[in-house]
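Novice: Have a look at this one.
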Amino acid sequence: MSVFVVGGAGFIGIRLIPLLLARGAQVTCMDINPNSPVLSALGDKVKLMRGDVTQFDDVMAAMTAAKPERVINLSYMLGSEHAPHVALKLNVLGMDNCFEAARLCGAKHVVYASSLAVNGEQSHYGDRMITEDDFRHGHVQYAMHKIFNEFQAQDYREKFGMAITGVRPANVTGPDKVRGSVDHVNCITQPARGKPISFPFADAMRYPVHVDDVAEVFARVLLADRPKHAVYSTGGTAISLGELADIVRGFLPDARISFDKPTGGKAISGNYLIDNTRLVQEFGVQYRPYRE
């Protein structure tokens, strides 16, 4: 099976590609900076191509050469602080370029990264679990782009009958994550480096899921012929930064983690109660306990 990975040299992609290779896939990775040491170490097992997802000619030429059965887009701009024109080109136009090129090349299944950000704050839903069918309250730049990505996918499904599936990762975590939501990462990595770290609220809630688990989710969904649903939430582990700090101190008693206030963060936290039943039931996904 041939797989075309856009943005495969990034945080999730470098974990996903080895999983695809282990399952016997022939992988082509297109990235604006494909010179990842992790991917280079794979040698000729993966074909690396330089290309800009915001340029349709780049995407079309690379995808035409690869002739993929599966396409996945992991190229997007995390966070909402970016210049509007730049962020929209990558997050929205780039997504359209992937969908259109996949359509013209006859790819059987396309997968893209959405985000838990589409849901907005947990306060919109109270203390109940959020499902993929709930109204999406996201309102910042990143969330709005992901909401529109989900519409783009729906538009292509309805008008061309394409198999396009979105995955909404929670707060992806890993020691090398440096973009997007990183407080739950820094709470671990900075004390491990012997550095102090401080946060505004101990009760600020996060919904971490390890990057290795997210890569496995993408692999399972991508290799399916036609999943039952248009969107899947990964789920994760609901935890406050204060609770996370206690876990870190269990490993590093001298960890210097401080908080300005014990409370005040939960009420303004993003969504942290997410139902991933459809992913678990259809793809058998299981996560190890967060402390582990």
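Simple scheme: letters A, B, ... for chains in structure tokens order, numbers from 1 for residues in each chain, numbers from 1 for ligands in the order shown.
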Using only C-alpha atoms, which residues sit within 10 Å of Ile14 of chain A once same-chain residues fewer than 6 positions away are excluded, as a list in words?
Specialist: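 Counting only the stated atoms, we get Gly7, Gly8, Cys29, Ser36, Pro37, Val38, Leu39, Asp212 and Ala215 of chain A.
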Novice: As a PyMOL selection string, please: the residues near Phe56 of chain A (cut-off 10 Å, only C-alpha atoms, same-chain neighbours under 4 positions excluded).
Specialist: chain A and resi 51-52+60-62+93-94+96-98+100-101
Novice: Please produce a file of the residues just selected, as an mmCIF file, in the first residue's frame, where the atoms kept are C-alpha atoms.
Specialist:
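And here is the file that came out, out.cif:
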```cif
data_model
loop_
_atom_site.group_PDB
_atom_site.id
_atom_site.type_symbol
_atom_site.label_atom_id
_atom_site.label_comp_id
_atom_site.auth_asym_id
_atom_site.auth_seq_id
_atom_site.Cartn_x
_atom_site.Cartn_y
_atom_site.Cartn_z
ATOM 1 C CA GLY A 51 7.328 20.657 -1.151
ATOM 2 C CA ASP A 52 5.183 23.517 0.102
ATOM 3 C CA MET A 60 -0.061 17.901 -7.181
ATOM 4 C CA ALA A 61 3.324 17.134 -8.689
ATOM 5 C CA ALA A 62 4.526 15.204 -5.656
ATOM 6 C CA LEU A 93 -5.580 26.572 1.637
ATOM 7 C CA GLY A 94 -3.008 23.874 2.379
ATOM 8 C CA ASP A 96 -7.750 22.237 0.288
ATOM 9 C CA ASN A 97 -4.652 21.560 -1.823
ATOM 10 C CA CYS A 98 -4.314 18.135 -0.189
ATOM 11 C CA GLU A 100 -8.056 18.408 -4.298
ATOM 12 C CA ALA A 101 -4.808 16.681 -5.255
#
```
Novice: Within segment 127-269 of chain A, find each residue whose DSSP state, derived from the backbone, is strand (DSSP E or B), and express the selection as a list in words.
Specialist: Ile130, Ile164, Thr165, Gly166, Val167, Arg168, Asn171, Val172, Thr173, Ile197, Ser198, Phe199, Pro200, Phe201, Met205, Arg206, Pro208, Val209, His210, Val231, Tyr232, Ser233, Ile239, Ser240, Ile257, Ser258, Phe259, Asp260 and Lys261 of chain A
Novice: Keeping only N, CA and C atoms, write those residues as a short mmCIF file (atom, residue, chain, number, x, y, z; two decimals), in the first residue's frame.
Specialist:
```
data_model
loop_
_atom_site.label_atom_id
_atom_site.label_comp_id
_atom_site.auth_asym_id
_atom_site.auth_seq_id
_atom_site.Cartn_x
_atom_site.Cartn_y
_atom_site.Cartn_z
N ILE A 130 -17.78 15.29 26.17
CA ILE A 130 -18.08 15.90 24.88
C ILE A 130 -17.92 14.84 23.79
N ILE A 164 -12.87 10.72 3.44
CA ILE A 164 -11.99 11.66 4.15
C ILE A 164 -12.35 11.61 5.63
N THR A 165 -11.35 11.41 6.46
CA THR A 165 -11.59 11.22 7.89
C THR A 165 -10.72 12.17 8.70
N GLY A 166 -11.33 12.82 9.68
CA GLY A 166 -10.60 13.71 10.57
C GLY A 166 -10.35 13.06 11.92
N VAL A 167 -9.20 13.35 12.50
CA VAL A 167 -8.87 12.91 13.85
C VAL A 167 -8.63 14.15 14.69
N ARG A 168 -9.30 14.22 15.84
CA ARG A 168 -9.15 15.36 16.75
C ARG A 168 -8.24 14.97 17.91
N ASN A 171 -4.49 17.16 23.90
CA ASN A 171 -3.24 17.90 24.12
C ASN A 171 -2.06 16.96 23.95
N VAL A 172 -1.56 16.87 22.72
CA VAL A 172 -0.49 15.92 22.43
C VAL A 172 0.76 16.29 23.23
N THR A 173 1.37 15.29 23.81
CA THR A 173 2.53 15.54 24.66
C THR A 173 3.69 14.64 24.28
N ILE A 197 10.03 26.02 37.02
CA ILE A 197 8.93 26.34 36.11
C ILE A 197 7.76 26.84 36.95
N SER A 198 7.05 27.83 36.44
CA SER A 198 5.93 28.42 37.18
C SER A 198 4.73 28.56 36.25
N PHE A 199 3.52 28.39 36.83
CA PHE A 199 2.27 28.50 36.08
C PHE A 199 1.29 29.36 36.86
N PRO A 200 0.32 29.96 36.17
CA PRO A 200 -0.65 30.83 36.87
C PRO A 200 -1.56 30.08 37.84
N PHE A 201 -2.12 28.91 37.39
CA PHE A 201 -3.14 28.24 38.20
C PHE A 201 -2.83 26.75 38.35
N MET A 205 -6.82 22.83 33.77
CA MET A 205 -7.01 21.47 33.30
C MET A 205 -6.42 21.27 31.90
N ARG A 206 -5.83 20.09 31.70
CA ARG A 206 -5.33 19.69 30.40
C ARG A 206 -5.82 18.28 30.09
N PRO A 208 -3.99 15.52 28.26
CA PRO A 208 -2.82 15.03 27.53
C PRO A 208 -3.03 13.64 26.93
N VAL A 209 -2.41 13.44 25.78
CA VAL A 209 -2.30 12.13 25.16
C VAL A 209 -0.90 12.07 24.53
N HIS A 210 -0.21 10.97 24.74
CA HIS A 210 1.19 10.90 24.29
C HIS A 210 1.27 10.84 22.78
N VAL A 231 -15.36 11.89 11.77
CA VAL A 231 -14.43 12.49 12.72
C VAL A 231 -14.31 11.60 13.95
N TYR A 232 -13.10 11.51 14.48
CA TYR A 232 -12.84 10.74 15.70
C TYR A 232 -12.04 11.59 16.68
N SER A 233 -12.47 11.61 17.95
CA SER A 233 -11.69 12.26 19.01
C SER A 233 -10.77 11.24 19.64
N ILE A 239 -6.39 15.96 33.57
CA ILE A 239 -5.49 16.16 34.69
C ILE A 239 -5.23 17.66 34.87
N SER A 240 -5.12 18.09 36.10
CA SER A 240 -4.76 19.49 36.36
C SER A 240 -3.25 19.61 36.37
N ILE A 257 8.52 23.35 40.89
CA ILE A 257 7.31 23.69 40.15
C ILE A 257 6.43 24.53 41.07
N SER A 258 6.06 25.72 40.62
CA SER A 258 5.27 26.61 41.47
C SER A 258 4.06 27.13 40.70
N PHE A 259 3.07 27.61 41.49
CA PHE A 259 1.84 28.16 40.91
C PHE A 259 1.52 29.48 41.60
N ASP A 260 1.05 30.44 40.81
CA ASP A 260 0.69 31.74 41.38
C ASP A 260 -0.54 31.64 42.26
N LYS A 261 -1.52 30.81 41.83
CA LYS A 261 -2.77 30.66 42.57
C LYS A 261 -3.20 29.20 42.54
#
```
Novice: For Glu243 of chain A, which residue out of A:Gly13, A:Arg103, A:Tyr272, A:Arg291 is the nearest one, using only C-alpha atoms?
Specialist: A:Arg291
Novice: Residues near Lys195 of chain A, anyone? I mean within 8 Å using only C-alpha atoms, not counting same-chain ones fewer than 4 positions away, as a list in words.
Specialist: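 The filter keeps Gln190, Pro191 and Arg256 of chain A.
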Novice: Using all heavy atoms, can you write the selected residues to a file as a CSV table (one decimal), in the first residue's frame?
Specialist:
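As written to disk, selection.csv reads:
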```csv
chain,number,residue,atom,x,y,z
A,190,GLN,N,11.1,20.7,32.0
A,190,GLN,CA,11.9,21.7,32.7
A,190,GLN,C,12.5,21.2,34.0
A,190,GLN,O,13.7,21.3,34.2
A,190,GLN,CB,11.2,23.0,32.8
A,190,GLN,CG,10.8,23.7,31.5
A,190,GLN,CD,12.0,23.9,30.6
A,190,GLN,OE1,13.0,24.4,31.1
A,190,GLN,NE2,11.9,23.5,29.4
A,191,PRO,N,11.7,20.6,34.9
A,191,PRO,CA,12.2,20.0,36.1
A,191,PRO,C,13.2,18.9,35.8
A,191,PRO,O,14.2,18.7,36.5
A,191,PRO,CB,11.0,19.5,36.8
A,191,PRO,CG,9.9,20.3,36.4
A,191,PRO,CD,10.2,20.6,34.9
A,256,ARG,N,11.3,21.9,41.0
A,256,ARG,CA,10.9,23.3,41.4
A,256,ARG,C,9.7,23.7,40.5
A,256,ARG,O,9.9,24.4,39.5
A,256,ARG,CB,12.1,24.3,41.3
A,256,ARG,CG,13.2,24.0,42.4
A,256,ARG,CD,14.4,24.9,42.1
A,256,ARG,NE,15.1,24.4,40.9
A,256,ARG,CZ,16.1,25.2,40.4
A,256,ARG,NH1,16.4,26.4,40.9
A,256,ARG,NH2,16.7,24.7,39.3
```
Novice: Out of A:Lys146, A:Arg157, A:His137, A:Arg23, which residue has the shortest atom-to-atom distance to Lys108 of chain A when counting only C-alpha atoms?
Specialist: A:Arg157
Novice: Within 10 Å of Pro227 of chain A, counting only C-alpha atoms, which residues qualify if same-chain residues fewer than 2 places away don't, as a list in words?
Specialist: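 Returned residues: His109, Ala163, Ile164, Thr165, Arg220, Val221, Leu222, Leu223, Ala224, Asp225, His229, Ala230, Val231, Tyr232, Leu279, Glu282 and Phe283 of chain A.
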Novice: Using only C-alpha atoms, which residues sit within 12 Å of Val86 of chain A once same-chain residues fewer than 6 positions away are excluded, as a ChimeraX atom specification?
Specialist: /A:54,76-77,80,92-94,141
Novice: If DSSP is run on the backbone, what residues of segment 150-256 of chain A are alpha helix (DSSP H)? A reply as a PyMOL selection string would be ideal.
Specialist: chain A and resi 150-160+183-192+211-223+241-251
Novice: Using the selection just defined, write its residues with C-alpha atoms as a PDB file, in the first residue's frame.
Specialist:
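Below you can see selection13.pdb, which holds the result:
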```
ATOM      1  CA  GLU A 150     -13.965  19.710   9.016  1.00  0.00           C
ATOM      2  CA  PHE A 151     -16.391  21.547   6.714  1.00  0.00           C
ATOM      3  CA  GLN A 152     -13.923  21.260   3.819  1.00  0.00           C
ATOM      4  CA  ALA A 153     -13.785  17.505   4.341  1.00  0.00           C
ATOM      5  CA  GLN A 154     -17.576  17.288   4.508  1.00  0.00           C
ATOM      6  CA  ASP A 155     -17.864  19.297   1.288  1.00  0.00           C
ATOM      7  CA  TYR A 156     -15.525  16.925  -0.556  1.00  0.00           C
ATOM      8  CA  ARG A 157     -17.295  13.860   0.846  1.00  0.00           C
ATOM      9  CA  GLU A 158     -20.717  15.093  -0.198  1.00  0.00           C
ATOM     10  CA  LYS A 159     -19.781  16.371  -3.664  1.00  0.00           C
ATOM     11  CA  PHE A 160     -17.274  13.724  -4.743  1.00  0.00           C
ATOM     12  CA  ASP A 183       2.534  23.892  29.640  1.00  0.00           C
ATOM     13  CA  HIS A 184       1.787  20.221  30.341  1.00  0.00           C
ATOM     14  CA  VAL A 185       5.051  19.382  28.535  1.00  0.00           C
ATOM     15  CA  ASN A 186       7.175  22.007  30.309  1.00  0.00           C
ATOM     16  CA  CYS A 187       5.830  20.842  33.668  1.00  0.00           C
ATOM     17  CA  ILE A 188       7.773  17.627  32.992  1.00  0.00           C
ATOM     18  CA  THR A 189      10.718  18.608  30.823  1.00  0.00           C
ATOM     19  CA  GLN A 190      11.925  21.700  32.667  1.00  0.00           C
ATOM     20  CA  PRO A 191      12.241  20.000  36.095  1.00  0.00           C
ATOM     21  CA  ALA A 192      13.921  17.063  34.316  1.00  0.00           C
ATOM     22  CA  VAL A 211       2.468  11.538  20.784  1.00  0.00           C
ATOM     23  CA  ASP A 212       3.248   7.833  20.324  1.00  0.00           C
ATOM     24  CA  ASP A 213      -0.395   7.022  21.035  1.00  0.00           C
ATOM     25  CA  VAL A 214      -1.585   9.710  18.626  1.00  0.00           C
ATOM     26  CA  ALA A 215       0.671   8.321  15.902  1.00  0.00           C
ATOM     27  CA  GLU A 216      -0.844   4.880  16.455  1.00  0.00           C
ATOM     28  CA  VAL A 217      -4.356   6.337  16.179  1.00  0.00           C
ATOM     29  CA  PHE A 218      -3.492   8.010  12.884  1.00  0.00           C
ATOM     30  CA  ALA A 219      -1.971   4.784  11.554  1.00  0.00           C
ATOM     31  CA  ARG A 220      -5.051   2.712  12.363  1.00  0.00           C
ATOM     32  CA  VAL A 221      -7.513   5.229  10.966  1.00  0.00           C
ATOM     33  CA  LEU A 222      -5.443   5.910   7.842  1.00  0.00           C
ATOM     34  CA  LEU A 223      -5.061   2.246   6.884  1.00  0.00           C
ATOM     35  CA  LEU A 241      -1.306  21.020  36.216  1.00  0.00           C
ATOM     36  CA  GLY A 242      -1.193  20.680  40.009  1.00  0.00           C
ATOM     37  CA  GLU A 243      -1.841  16.943  39.747  1.00  0.00           C
ATOM     38  CA  LEU A 244       0.745  16.660  37.006  1.00  0.00           C
ATOM     39  CA  ALA A 245       3.260  18.487  39.217  1.00  0.00           C
ATOM     40  CA  ASP A 246       2.640  15.915  41.964  1.00  0.00           C
ATOM     41  CA  ILE A 247       3.393  13.097  39.527  1.00  0.00           C
ATOM     42  CA  VAL A 248       6.637  14.802  38.495  1.00  0.00           C
ATOM     43  CA  ARG A 249       7.637  15.254  42.134  1.00  0.00           C
ATOM     44  CA  GLY A 250       7.111  11.528  42.600  1.00  0.00           C
ATOM     45  CA  PHE A 251      10.021  11.003  40.216  1.00  0.00           C
TER      46      PHE A 251
END
```
Novice: Excluding Pro68 of chain A and its own-chain neighbours fewer than 5 positions away, which residues fall within 6 Å of it when counting only C-alpha atoms? Please give them as a list in words.
Specialist: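 Close residues of Pro68 of chain A: Ser2, Val3, Phe4 and Ala107 of chain A.
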Novice: Taking N, CA, C and O atoms for each residue, export the selection above as a tab-separated table (two decimals), in the first residue's frame.
Specialist:
```
chain	number	residue	atom	x	y	z
A	2	SER	N	0.57	2.19	-0.87
A	2	SER	CA	1.35	3.42	-0.94
A	2	SER	C	0.67	4.52	-0.14
A	2	SER	O	-0.54	4.73	-0.24
A	3	VAL	N	1.46	5.23	0.67
A	3	VAL	CA	0.94	6.28	1.55
A	3	VAL	C	1.73	7.56	1.32
A	3	VAL	O	2.96	7.55	1.27
A	4	PHE	N	1.01	8.66	1.20
A	4	PHE	CA	1.61	9.98	0.99
A	4	PHE	C	1.38	10.80	2.25
A	4	PHE	O	0.22	11.07	2.62
A	107	ALA	N	-6.89	8.94	-4.76
A	107	ALA	CA	-6.57	8.32	-3.47
A	107	ALA	C	-7.83	7.73	-2.85
A	107	ALA	O	-8.90	8.34	-2.89
```
Novice: Considering only C-alpha atoms, can you say which of A:Lys89, A:Met49, A:Val6, A:Phe135 comes closest to Tyr112 of chain A?
Specialist: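 Of all the options, A:Val6 lies closest to Tyr112 of chain A.
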Novice: Between atom CA of Arg50 of chain A and atom CA of Val111 of chain A, measure the distance and give it in Å to one decimal.
Specialist: 20.4 Å
Novice: Determine the nearest neighbour of Thr263 of chain A from the options A:Asp203, A:Leu88, A:His124, A:Ile72, counting only C-alpha atoms.
Specialist: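 Among the listed residues, the smallest separation from Thr263 of chain A belongs to A:Asp203.
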Novice: So that I can check the surroundings of Gly180 of chain A, please list as a list in words every protein, DNA and RNA residue that reaches within 8 Å of it, counting only C-alpha atoms and ignoring chain neighbours fewer than 2 positions away.
Specialist: Leu78, Gly79, Val178 and Val182 of chain A
Novice: Any chance you can output those residues with N, CA, C and O atoms as a PDB file, in the first residue's frame?
Specialist:
```pdb
ATOM      1  N   LEU A  78       0.241  25.331  14.578  1.00  0.00           N
ATOM      2  CA  LEU A  78      -0.306  25.282  15.928  1.00  0.00           C
ATOM      3  C   LEU A  78      -0.357  26.669  16.551  1.00  0.00           C
ATOM      4  O   LEU A  78       0.470  27.527  16.262  1.00  0.00           O
ATOM      5  N   GLY A  79      -1.338  26.885  17.411  1.00  0.00           N
ATOM      6  CA  GLY A  79      -1.466  28.161  18.098  1.00  0.00           C
ATOM      7  C   GLY A  79      -2.304  29.152  17.314  1.00  0.00           C
ATOM      8  O   GLY A  79      -2.671  28.916  16.158  1.00  0.00           O
ATOM      9  N   VAL A 178       7.341  21.648  21.202  1.00  0.00           N
ATOM     10  CA  VAL A 178       7.710  23.032  21.515  1.00  0.00           C
ATOM     11  C   VAL A 178       6.690  24.034  20.987  1.00  0.00           C
ATOM     12  O   VAL A 178       6.841  25.236  21.194  1.00  0.00           O
ATOM     13  N   VAL A 182       1.895  23.734  25.481  1.00  0.00           N
ATOM     14  CA  VAL A 182       3.140  23.115  25.963  1.00  0.00           C
ATOM     15  C   VAL A 182       3.308  23.224  27.483  1.00  0.00           C
ATOM     16  O   VAL A 182       4.315  22.751  28.006  1.00  0.00           O
TER      17      VAL A 182
END
```
